[in-house]
file work-v8.cif (mmCIF, C-alpha atoms)
data_protein
#
loop_
_atom_site.label_atom_id
_atom_site.label_comp_id
_atom_site.auth_asym_id
_atom_site.auth_seq_id
_atom_site.Cartn_x
_atom_site.Cartn_y
_atom_site.Cartn_z
CA MET A 1 0.00 0.00 0.00
CA GLY A 2 1.22 3.48 -0.77
CA LYS A 3 1.72 6.10 1.89
CA SER A 4 -1.20 8.36 2.71
CA PRO A 5 -0.66 12.00 1.80
CA ALA A 6 0.49 14.12 4.71
CA LEU A 7 -2.15 16.25 6.35
CA THR A 8 -1.57 19.94 6.00
CA PHE A 9 -3.30 22.72 7.90
CA SER A 10 -3.54 26.45 7.44
CA LEU A 11 -1.96 28.69 10.02
CA GLU A 12 -4.37 29.95 12.68
CA LEU A 13 -3.68 33.55 11.66
CA GLU A 14 -4.92 32.80 8.16
CA GLN A 15 -8.42 32.62 9.61
CA PRO A 16 -10.56 35.79 9.76
CA VAL A 17 -10.15 37.97 12.84
CA PRO A 18 -12.78 37.05 15.50
CA TYR A 19 -13.99 40.60 16.02
CA MET A 20 -16.92 39.83 18.30
CA GLU A 21 -14.71 37.86 20.69
CA ARG A 22 -11.85 40.36 20.41
CA THR A 23 -14.15 43.32 21.11
CA ARG A 24 -15.85 41.57 24.03
CA ASN A 25 -12.55 40.73 25.70
CA TYR A 26 -11.18 44.20 25.03
CA TYR A 27 -13.98 46.04 26.80
CA LEU A 28 -14.14 43.53 29.64
CA GLY A 29 -10.41 44.13 30.08
CA LEU A 30 -11.00 47.88 30.20
CA GLY A 31 -13.42 47.36 33.05
CA TYR A 32 -16.81 47.40 31.33
CA ASP A 33 -18.68 44.49 32.89
CA THR A 34 -21.66 44.22 30.50
CA PRO A 35 -20.63 42.69 27.16
CA TYR A 36 -22.32 44.06 24.07
CA VAL A 37 -25.02 41.79 22.61
CA TRP A 38 -24.56 41.56 18.85
CA ALA A 39 -27.51 41.32 16.46
CA HIS A 40 -28.34 37.76 15.43
CA HIS A 41 -31.11 36.44 13.18
CA SER A 42 -31.91 32.91 12.08
CA GLU A 43 -34.14 34.04 9.22
CA VAL A 44 -32.65 36.19 6.45
CA PRO A 45 -34.69 38.08 3.83
CA PHE A 46 -33.69 37.79 0.19
CA SER A 47 -34.78 39.89 -2.76
CA PRO A 48 -33.61 38.68 -6.19
CA LEU A 49 -32.59 41.06 -8.94
CA LEU A 50 -35.67 42.17 -10.86
CA LYS A 51 -33.68 43.24 -13.91
CA PRO A 52 -30.09 42.99 -15.15
CA LEU A 53 -27.45 45.22 -13.59
CA SER A 54 -26.92 46.78 -17.02
CA GLN A 55 -30.43 48.20 -16.61
CA SER A 56 -30.15 49.02 -12.91
CA VAL A 57 -29.52 52.13 -10.81
CA VAL A 58 -26.94 51.28 -8.14
CA GLY A 59 -26.64 53.16 -4.85
CA LEU A 60 -23.54 53.22 -2.64
CA ILE A 61 -24.03 53.34 1.14
CA THR A 62 -21.12 54.18 3.43
CA THR A 63 -20.37 54.71 7.11
CA ALA A 64 -17.61 57.18 6.20
CA VAL A 65 -18.29 60.91 6.53
CA PRO A 66 -17.32 63.99 4.49
CA HIS A 67 -14.33 65.76 5.95
CA ASP A 68 -15.09 68.74 8.18
CA VAL A 69 -12.00 70.77 9.04
CA THR A 70 -13.69 72.13 12.16
CA LYS A 71 -13.90 68.69 13.76
CA GLY A 72 -10.25 67.92 14.39
CA PRO A 73 -7.76 65.45 12.86
CA GLN A 74 -9.30 63.03 10.39
CA GLY A 75 -6.46 62.16 8.03
CA LYS A 76 -3.51 59.81 8.03
CA GLY A 77 -2.58 58.70 11.52
CA ALA A 78 -5.55 60.47 13.13
CA PRO A 79 -6.62 59.01 16.48
CA TYR A 80 -10.19 57.90 17.13
CA ASN A 81 -12.10 61.14 16.65
CA THR A 82 -15.51 61.11 18.33
CA ALA A 83 -16.10 64.75 17.38
CA ALA A 84 -16.32 63.78 13.71
CA LYS A 85 -19.18 61.30 14.24
CA PHE A 86 -22.57 61.79 12.59
CA TYR A 87 -25.91 60.62 13.93
CA GLN A 88 -28.35 61.18 11.09
CA PRO A 89 -28.31 59.55 7.65
CA TYR A 90 -27.11 61.86 4.92
CA LEU A 91 -27.01 61.99 1.15
CA HIS A 92 -24.35 63.62 -1.00
CA SER A 93 -24.25 64.33 -4.71
CA ILE A 94 -22.40 61.57 -6.53
CA VAL A 95 -20.81 64.09 -8.92
CA ASP A 96 -19.66 66.66 -6.38
CA GLU A 97 -16.24 66.12 -4.84
CA ALA A 98 -16.49 64.25 -1.54
CA ASP A 99 -13.51 63.86 0.74
CA LEU A 100 -14.72 60.94 2.84
CA ARG A 101 -12.92 60.10 6.09
CA ILE A 102 -13.04 57.23 8.60
CA ALA A 103 -11.35 58.68 11.70
CA HIS A 104 -14.66 58.77 13.59
CA VAL A 105 -14.97 54.97 13.83
CA GLY A 106 -12.98 52.09 15.29
CA ILE A 107 -10.84 51.04 12.34
CA ASP A 108 -7.51 49.21 12.49
CA ARG A 109 -5.27 52.25 12.83
CA ARG A 110 -2.05 50.24 12.83
CA ASN A 111 -2.64 48.62 9.47
CA ALA A 112 -5.46 50.27 7.52
CA ASN A 113 -4.68 53.03 5.06
CA MET A 114 -6.39 56.32 6.02
CA GLU A 115 -5.42 58.30 2.90
CA ASP A 116 -6.78 56.42 -0.11
CA SER A 117 -10.57 56.62 0.08
CA ALA A 118 -10.86 53.92 -2.58
CA CYS A 119 -10.00 51.51 0.26
CA TRP A 120 -13.36 52.21 1.89
CA PHE A 121 -15.48 53.81 -0.82
CA PRO A 122 -15.40 52.18 -4.29
CA LEU A 123 -16.61 55.21 -6.24
CA ASP A 124 -13.96 54.99 -8.96
CA ALA A 125 -14.61 51.29 -9.46
CA ALA A 126 -18.35 51.94 -9.63
CA ASN A 127 -17.91 54.73 -12.18
CA ASN A 128 -15.72 52.45 -14.26
CA ALA A 129 -18.44 49.80 -14.13
CA VAL A 130 -20.88 52.38 -15.52
CA GLN A 131 -18.47 53.31 -18.33
CA ALA A 132 -18.08 49.63 -19.20
CA GLY A 133 -21.85 49.11 -19.32
CA ARG A 134 -21.70 46.69 -16.41
CA ILE A 135 -24.31 48.75 -14.56
CA GLN A 136 -26.64 51.30 -16.09
CA THR A 137 -25.84 54.18 -13.76
CA LEU A 138 -25.11 55.22 -10.22
CA SER A 139 -27.83 56.95 -8.25
CA PRO A 140 -27.67 60.78 -8.12
CA HIS A 141 -26.41 60.56 -4.54
CA PHE A 142 -24.47 58.26 -2.27
CA TYR A 143 -25.74 57.74 1.26
CA GLY A 144 -24.29 57.83 4.76
CA LEU A 145 -25.49 55.47 7.48
CA PRO A 146 -24.61 56.40 11.08
CA THR A 147 -22.72 53.91 13.23
CA ASN A 148 -25.14 53.18 16.03
CA ARG A 149 -24.82 50.70 18.90
CA SER A 150 -28.60 50.83 19.25
CA GLN A 151 -29.92 48.19 16.87
CA ARG A 152 -33.45 49.46 17.41
CA HIS A 153 -32.43 52.98 16.34
CA THR A 154 -30.78 51.64 13.19
CA LEU A 155 -33.84 49.59 12.25
CA GLU A 156 -36.65 51.91 13.31
CA ILE A 157 -35.20 55.36 12.58
CA ASP A 158 -32.12 55.30 10.32
CA SER A 159 -33.13 52.51 7.93
CA PRO A 160 -36.51 54.03 6.97
CA ILE A 161 -34.76 57.34 6.22
CA VAL A 162 -32.21 55.64 3.98
CA LEU A 163 -34.93 53.65 2.22
CA GLU A 164 -36.84 56.86 1.50
CA MET A 165 -33.66 58.40 0.03
CA LEU A 166 -33.09 55.36 -2.19
CA ARG A 167 -36.67 55.31 -3.42
CA ALA A 168 -36.53 59.02 -4.24
CA ASP A 169 -33.44 58.34 -6.35
CA LYS A 170 -35.07 55.25 -7.97
CA VAL A 171 -32.31 52.94 -6.73
CA ASN A 172 -32.69 49.31 -7.81
CA VAL A 173 -29.64 47.81 -6.09
CA ALA A 174 -27.53 48.86 -3.10
CA VAL A 175 -23.86 48.24 -2.31
CA LEU A 176 -23.06 48.74 1.39
CA ILE A 177 -19.52 49.33 2.63
CA PRO A 178 -18.95 49.30 6.44
CA ASN A 179 -15.77 50.16 8.33
CA CYS A 180 -15.71 49.45 12.08
CA PRO A 181 -17.24 46.49 13.97
CA ILE A 182 -20.46 48.34 14.79
CA CYS A 183 -20.51 49.70 11.23
CA HIS A 184 -20.67 46.12 10.00
CA GLN A 185 -23.64 45.41 12.23
CA SER A 186 -25.45 48.62 11.27
CA GLN A 187 -24.95 47.97 7.56
CA SER A 188 -26.08 44.36 7.99
CA LEU A 189 -29.28 45.50 9.68
CA LEU A 190 -29.85 48.03 6.92
CA ALA A 191 -29.25 45.38 4.24
CA ARG A 192 -31.92 43.19 5.83
CA TYR A 193 -34.34 46.12 5.96
CA LEU A 194 -33.77 47.03 2.31
CA GLU A 195 -34.21 43.43 1.17
CA VAL A 196 -37.62 43.27 2.82
CA ALA A 197 -38.47 46.46 0.91
CA GLY A 198 -37.47 44.80 -2.38
CA ILE A 199 -34.00 46.30 -2.91
CA PRO A 200 -31.28 43.67 -3.44
CA THR A 201 -28.08 44.37 -1.50
CA VAL A 202 -24.50 43.25 -1.19
CA ILE A 203 -22.13 44.10 1.66
CA MET A 204 -18.43 44.62 0.97
CA GLY A 205 -16.95 44.05 4.42
CA ALA A 206 -14.00 42.90 6.50
CA ALA A 207 -15.66 41.64 9.73
CA LYS A 208 -16.88 38.22 8.65
CA ASP A 209 -18.12 37.02 12.02
CA ILE A 210 -20.27 40.10 12.70
CA VAL A 211 -21.95 40.13 9.28
CA GLU A 212 -22.64 36.41 9.17
CA TYR A 213 -23.82 36.34 12.78
CA CYS A 214 -26.34 39.07 12.00
CA GLY A 215 -27.41 37.29 8.82
CA VAL A 216 -27.45 39.01 5.43
CA PRO A 217 -28.39 37.99 1.88
CA ARG A 218 -25.05 38.61 0.14
CA PHE A 219 -21.62 39.32 1.57
CA LEU A 220 -18.30 39.88 -0.18
CA PHE A 221 -15.66 39.27 2.49
CA SER A 222 -12.20 40.75 2.10
CA ASP A 223 -9.66 39.60 4.68
CA PHE A 224 -8.35 43.15 5.07
CA PRO A 225 -7.95 45.45 8.10
CA LEU A 226 -11.05 47.22 9.35
CA GLY A 227 -11.51 50.42 7.39
CA ASN A 228 -10.19 49.05 4.10
CA ALA A 229 -12.88 46.58 3.06
CA ALA A 230 -13.23 47.82 -0.53
CA ALA A 231 -9.66 47.53 -1.83
CA LYS A 232 -5.95 47.59 -1.17
CA PRO A 233 -4.42 51.09 -1.05
CA HIS A 234 -3.35 52.71 -4.33
CA ASP A 235 -4.24 49.51 -6.19
CA PRO A 236 -6.78 50.05 -9.00
CA GLU A 237 -6.70 46.35 -9.92
CA SER A 238 -7.89 45.36 -6.45
CA GLN A 239 -10.59 48.05 -6.62
CA ALA A 240 -11.89 46.69 -9.92
CA LEU A 241 -11.69 43.04 -8.87
CA ASN A 242 -13.53 43.47 -5.59
CA PHE A 243 -16.28 45.61 -7.08
CA GLU A 244 -16.78 43.12 -9.90
CA LEU A 245 -17.00 40.30 -7.34
CA ALA A 246 -19.69 42.27 -5.51
CA LEU A 247 -21.65 42.69 -8.76
CA CYS A 248 -21.28 38.99 -9.57
CA LEU A 249 -22.57 38.14 -6.13
CA LEU A 250 -25.66 40.25 -6.76
CA GLU A 251 -26.25 38.34 -9.98
CA ASP A 252 -25.36 34.82 -8.92
CA ALA A 253 -26.59 34.40 -5.34
CA SER A 254 -29.69 32.23 -5.33
CA ALA A 255 -30.35 32.19 -1.60
CA PRO A 256 -29.61 34.30 1.51
CA ARG A 257 -26.44 33.91 3.58
CA THR A 258 -24.31 33.72 0.43
CA THR A 259 -20.73 34.69 1.28
CA VAL A 260 -17.92 34.99 -1.25
CA GLN A 261 -14.36 35.61 -0.11
CA SER A 262 -12.18 37.83 -2.22
CA PRO A 263 -8.98 36.04 -3.32
CA LEU A 264 -6.95 39.15 -2.53
CA ILE A 265 -4.47 38.90 0.34
CA TRP A 266 -3.58 41.93 2.40
CA SER A 267 -0.09 40.71 3.31
CA LYS A 268 1.88 37.47 3.29
CA ASP A 269 2.59 38.26 6.93
CA HIS A 270 -0.68 37.65 8.81
CA ASN A 271 0.56 39.14 12.07
CA TRP A 272 -1.40 42.30 11.36
CA LYS A 273 -4.43 40.37 12.61
CA LEU A 274 -3.02 40.40 16.13
CA ASP A 275 -3.10 44.19 16.45
CA TYR A 276 -6.75 45.20 16.62
CA SER A 277 -8.16 45.50 20.20
CA ASN A 278 -5.74 42.87 21.47
CA LEU A 279 -5.34 43.29 25.24
CA GLU A 280 -2.60 40.69 25.37
CA ALA A 281 -0.36 43.06 23.46
CA LEU A 282 -0.93 45.98 25.87
CA SER A 283 0.79 46.97 29.10
CA ALA A 284 -1.12 47.75 32.30
CA ASP A 285 -0.43 51.47 31.83
CA GLU A 286 -1.77 51.35 28.26
CA ILE A 287 -4.95 49.65 29.44
CA VAL A 288 -5.55 52.41 32.00
CA ARG A 289 -4.94 55.06 29.35
CA LEU A 290 -7.30 53.37 26.91
CA ARG A 291 -9.99 53.08 29.57
CA ASP A 292 -9.78 56.84 30.21
CA GLU A 293 -9.84 57.49 26.47
CA ALA A 294 -12.88 55.25 26.00
CA GLU A 295 -14.77 57.05 28.76
CA ARG A 296 -14.04 60.46 27.28
CA ALA A 297 -15.14 59.24 23.88
CA ARG A 298 -18.35 57.77 25.31
CA ILE A 299 -19.27 61.04 27.04
CA THR A 300 -18.47 63.11 23.95
CA ALA A 301 -20.49 60.77 21.72
CA ARG A 302 -23.48 60.94 24.06
CA GLU A 303 -23.40 64.75 24.05
CA LEU A 304 -23.14 64.90 20.26
CA ARG A 305 -25.94 62.39 19.86
CA MET A 306 -28.20 64.37 22.16
CA LYS A 307 -27.56 67.55 20.19
CA SER A 308 -28.11 65.77 16.88
CA VAL A 309 -31.06 63.45 17.45
CA GLY A 310 -32.15 64.22 21.01
CA ILE A 311 -31.58 60.75 22.47
#

call {"tool": "encode", "arguments": {"input": "work-v8.cif", "output": "structure tokens"}}
result
Amino acid sequence: MGKSPALTFSLELEQPVPYMERTRNYYLGLGYDTPYVWAHHSEVPFSPLLKPLSQSVVGLITTAVPHDVTKGPQGKGAPYNTAAKFYQPYLHSIVDEADLRIAHVGIDRRNANMEDSACWFPLDAANNAVQAGRIQTLSPHFYGLPTNRSQRHTLEIDSPIVLEMLRADKVNVAVLIPNCPICHQSQSLLARYLEVAGIPTVIMGAAKDIVEYCGVPRFLFSDFPLGNAAAKPHDPESQALNFELALCLLEDASAPRTTVQSPLIWSKDHNWKLDYSNLEALSADEIVRLRDEAERARITARELRMKSVGI
């Protein structure tokens, strides 16, 4: 008898980052004794395409926000900037210049690129798809969804507003691009809401566990740092490939909970996955500092939210 082939296994770090577990342990380690309860659904709505993408109006939905110079650092190397948060859905002309930033959410600041907006907003790739006839057109606006820990607020207040915006712009299909962990949950909840309303969706995300735990119809997973789910920095080929994969997923998925993983690799060195919210890599002094920082951010966010939406 011949020898059996040797068993080979992938390295543990080749697996997606467990963001729910990592976030839970991080905040418990900072002294918060009530773990966040993530959204989870056993049933997932699914709305098939009603017409080809070449005859469809596509809307882009982001959790990034237009740059406001009055709200502090938001560029390369900017720390977590609570002051730049927004708490009401917005729309912005798709043809007017938009300098979108992600400093207001919990991205992977050690590894994600904070300069090239194509990493988190695939506008160029979408415009190229229009020029190629792959989709008919983009909607007149793109849309901003607030990052909200309140799942009820996302579903009962923010999602109806976004749906109304999409209907006004005659959007047939929506592409949702989240950034931080809570962004992924908020966009997943919105995707579910839009599907029930008859608008097919696809999420281009980087937090696989959060999106799949919530339960969505279609998910393009890129094993990239949080904040860079759309593409690799300064890499038009990765922009085009990932956006095309998202379009193919819209066309080919025949049932909900369809996940496709992009073949793109962020780095041959997977150690970047150890950086995000990893208490084991922090000293006692750093943990104290981060606890103080988290409390200040929580208070600031609450004050801004009260001024913006009154709750």

call {"tool": "atom_distance", "arguments": {"input": "work-v8.cif", "atom1": "atom CA of Asn111 of chain A", "atom2": "atom CA of Asp223 of chain A"}}
result
12.4 Å

call {"tool": "closest_residue", "arguments": {"input": "work-v8.cif", "among": "A:His67, A:His40, A:His104, A:Arg192", "to": "Pro160 of chain A", "atoms": "all atoms listed in the file"}}
result
A:Arg192

call {"tool": "closest_residue", "arguments": {"input": "work-v8.cif", "among": "A:Ala103, A:Leu166, A:Val175, A:Ala191", "to": "Pro256 of chain A", "atoms": "all atoms listed in the file"}}
result
A:Ala191

call {"tool": "atom_distance", "arguments": {"input": "work-v8.cif", "atom1": "atom CA of Lys208 of chain A", "atom2": "atom CA of Ile107 of chain A"}}
result
14.6 Å

call {"tool": "closest_residue", "arguments": {"input": "work-v8.cif", "among": "A:Trp266, A:Phe142, A:Tyr26, A:Phe224", "to": "Leu279 of chain A", "atoms": "all atoms listed in the file"}}
result
A:Tyr26

call {"tool": "axis_aligned_box", "arguments": {"input": "work-v8.cif", "around": "segment 119-138 of chain A", "padding_each_side": "6 Å", "output": "lines of an AutoDock Vina configuration file"}}
result
center_x = -18.3
center_y = 51.0
center_z = -8.7
size_x = 28.6
size_y = 20.5
size_z = 33.2

call {"tool": "closest_residue", "arguments": {"input": "work-v8.cif", "among": "A:Leu138, A:Ile177, A:Leu100, A:Val309", "to": "Asn228 of chain A", "atoms": "all atoms listed in the file"}}
result
A:Ile177

call {"tool": "build_atoms", "arguments": {"input": "work-v8.cif", "residues": "segment 277-288 of chain A", "atoms": "all heavy atoms", "output": "PDB file, in the frame of the given file"}}
result
ATOM      1  N   SER A 277      -7.508  45.724  18.895  1.00  0.00           N
ATOM      2  CA  SER A 277      -8.160  45.500  20.200  1.00  0.00           C
ATOM      3  C   SER A 277      -7.644  44.230  20.877  1.00  0.00           C
ATOM      4  O   SER A 277      -8.415  43.426  21.415  1.00  0.00           O
ATOM      5  CB  SER A 277      -9.680  45.410  20.021  1.00  0.00           C
ATOM      6  OG  SER A 277     -10.208  46.643  19.631  1.00  0.00           O
ATOM      7  N   ASN A 278      -6.344  44.061  20.886  1.00  0.00           N
ATOM      8  CA  ASN A 278      -5.740  42.870  21.470  1.00  0.00           C
ATOM      9  C   ASN A 278      -5.122  43.234  22.817  1.00  0.00           C
ATOM     10  O   ASN A 278      -4.012  43.777  22.886  1.00  0.00           O
ATOM     11  CB  ASN A 278      -4.676  42.308  20.525  1.00  0.00           C
ATOM     12  CG  ASN A 278      -4.145  40.968  20.991  1.00  0.00           C
ATOM     13  OD1 ASN A 278      -4.454  40.502  22.086  1.00  0.00           O
ATOM     14  ND2 ASN A 278      -3.349  40.336  20.148  1.00  0.00           N
ATOM     15  N   LEU A 279      -5.823  42.930  23.907  1.00  0.00           N
ATOM     16  CA  LEU A 279      -5.340  43.290  25.240  1.00  0.00           C
ATOM     17  C   LEU A 279      -4.034  42.603  25.598  1.00  0.00           C
ATOM     18  O   LEU A 279      -3.234  43.136  26.374  1.00  0.00           O
ATOM     19  CB  LEU A 279      -6.404  42.933  26.290  1.00  0.00           C
ATOM     20  CG  LEU A 279      -7.562  43.920  26.469  1.00  0.00           C
ATOM     21  CD1 LEU A 279      -8.497  43.415  27.536  1.00  0.00           C
ATOM     22  CD2 LEU A 279      -7.058  45.308  26.821  1.00  0.00           C
ATOM     23  N   GLU A 280      -3.821  41.427  25.054  1.00  0.00           N
ATOM     24  CA  GLU A 280      -2.600  40.690  25.370  1.00  0.00           C
ATOM     25  C   GLU A 280      -1.355  41.415  24.919  1.00  0.00           C
ATOM     26  O   GLU A 280      -0.265  41.151  25.423  1.00  0.00           O
ATOM     27  CB  GLU A 280      -2.660  39.294  24.738  1.00  0.00           C
ATOM     28  CG  GLU A 280      -3.763  38.402  25.302  1.00  0.00           C
ATOM     29  CD  GLU A 280      -3.779  37.038  24.663  1.00  0.00           C
ATOM     30  OE1 GLU A 280      -2.914  36.792  23.783  1.00  0.00           O
ATOM     31  OE2 GLU A 280      -4.630  36.212  25.019  1.00  0.00           O
ATOM     32  N   ALA A 281      -1.519  42.328  23.978  1.00  0.00           N
ATOM     33  CA  ALA A 281      -0.360  43.060  23.460  1.00  0.00           C
ATOM     34  C   ALA A 281      -0.165  44.404  24.172  1.00  0.00           C
ATOM     35  O   ALA A 281       0.723  45.169  23.799  1.00  0.00           O
ATOM     36  CB  ALA A 281      -0.535  43.299  21.962  1.00  0.00           C
ATOM     37  N   LEU A 282      -0.977  44.683  25.209  1.00  0.00           N
ATOM     38  CA  LEU A 282      -0.930  45.980  25.870  1.00  0.00           C
ATOM     39  C   LEU A 282      -0.388  45.861  27.298  1.00  0.00           C
ATOM     40  O   LEU A 282      -0.632  44.872  27.992  1.00  0.00           O
ATOM     41  CB  LEU A 282      -2.337  46.594  25.919  1.00  0.00           C
ATOM     42  CG  LEU A 282      -3.026  46.812  24.573  1.00  0.00           C
ATOM     43  CD1 LEU A 282      -4.443  47.300  24.791  1.00  0.00           C
ATOM     44  CD2 LEU A 282      -2.238  47.787  23.709  1.00  0.00           C
ATOM     45  N   SER A 283       0.304  46.911  27.724  1.00  0.00           N
ATOM     46  CA  SER A 283       0.790  46.970  29.100  1.00  0.00           C
ATOM     47  C   SER A 283      -0.339  47.440  30.021  1.00  0.00           C
ATOM     48  O   SER A 283      -1.365  47.962  29.568  1.00  0.00           O
ATOM     49  CB  SER A 283       1.968  47.930  29.207  1.00  0.00           C
ATOM     50  OG  SER A 283       1.541  49.265  28.983  1.00  0.00           O
ATOM     51  N   ALA A 284      -0.125  47.296  31.318  1.00  0.00           N
ATOM     52  CA  ALA A 284      -1.120  47.750  32.300  1.00  0.00           C
ATOM     53  C   ALA A 284      -1.356  49.248  32.176  1.00  0.00           C
ATOM     54  O   ALA A 284      -2.497  49.727  32.278  1.00  0.00           O
ATOM     55  CB  ALA A 284      -0.681  47.380  33.706  1.00  0.00           C
ATOM     56  N   ASP A 285      -0.295  50.015  31.968  1.00  0.00           N
ATOM     57  CA  ASP A 285      -0.430  51.470  31.830  1.00  0.00           C
ATOM     58  C   ASP A 285      -1.241  51.822  30.581  1.00  0.00           C
ATOM     59  O   ASP A 285      -2.062  52.756  30.597  1.00  0.00           O
ATOM     60  CB  ASP A 285       0.944  52.129  31.761  1.00  0.00           C
ATOM     61  CG  ASP A 285       1.659  52.116  33.107  1.00  0.00           C
ATOM     62  OD1 ASP A 285       0.978  51.896  34.126  1.00  0.00           O
ATOM     63  OD2 ASP A 285       2.889  52.321  33.120  1.00  0.00           O
ATOM     64  N   GLU A 286      -1.016  51.091  29.494  1.00  0.00           N
ATOM     65  CA  GLU A 286      -1.770  51.350  28.260  1.00  0.00           C
ATOM     66  C   GLU A 286      -3.244  51.048  28.452  1.00  0.00           C
ATOM     67  O   GLU A 286      -4.114  51.765  27.940  1.00  0.00           O
ATOM     68  CB  GLU A 286      -1.202  50.515  27.115  1.00  0.00           C
ATOM     69  CG  GLU A 286       0.140  51.009  26.591  1.00  0.00           C
ATOM     70  CD  GLU A 286       0.691  50.105  25.511  1.00  0.00           C
ATOM     71  OE1 GLU A 286       0.754  48.872  25.738  1.00  0.00           O
ATOM     72  OE2 GLU A 286       1.049  50.621  24.434  1.00  0.00           O
ATOM     73  N   ILE A 287      -3.551  50.010  29.191  1.00  0.00           N
ATOM     74  CA  ILE A 287      -4.950  49.650  29.440  1.00  0.00           C
ATOM     75  C   ILE A 287      -5.650  50.756  30.220  1.00  0.00           C
ATOM     76  O   ILE A 287      -6.794  51.126  29.927  1.00  0.00           O
ATOM     77  CB  ILE A 287      -5.040  48.299  30.163  1.00  0.00           C
ATOM     78  CG1 ILE A 287      -4.583  47.172  29.216  1.00  0.00           C
ATOM     79  CG2 ILE A 287      -6.453  48.035  30.678  1.00  0.00           C
ATOM     80  CD1 ILE A 287      -4.492  45.816  29.875  1.00  0.00           C
ATOM     81  N   VAL A 288      -4.978  51.303  31.228  1.00  0.00           N
ATOM     82  CA  VAL A 288      -5.550  52.410  32.000  1.00  0.00           C
ATOM     83  C   VAL A 288      -5.789  53.613  31.094  1.00  0.00           C
ATOM     84  O   VAL A 288      -6.849  54.257  31.146  1.00  0.00           O
ATOM     85  CB  VAL A 288      -4.631  52.784  33.172  1.00  0.00           C
ATOM     86  CG1 VAL A 288      -5.106  54.076  33.833  1.00  0.00           C
ATOM     87  CG2 VAL A 288      -4.573  51.658  34.188  1.00  0.00           C
TER      88      VAL A 288
END
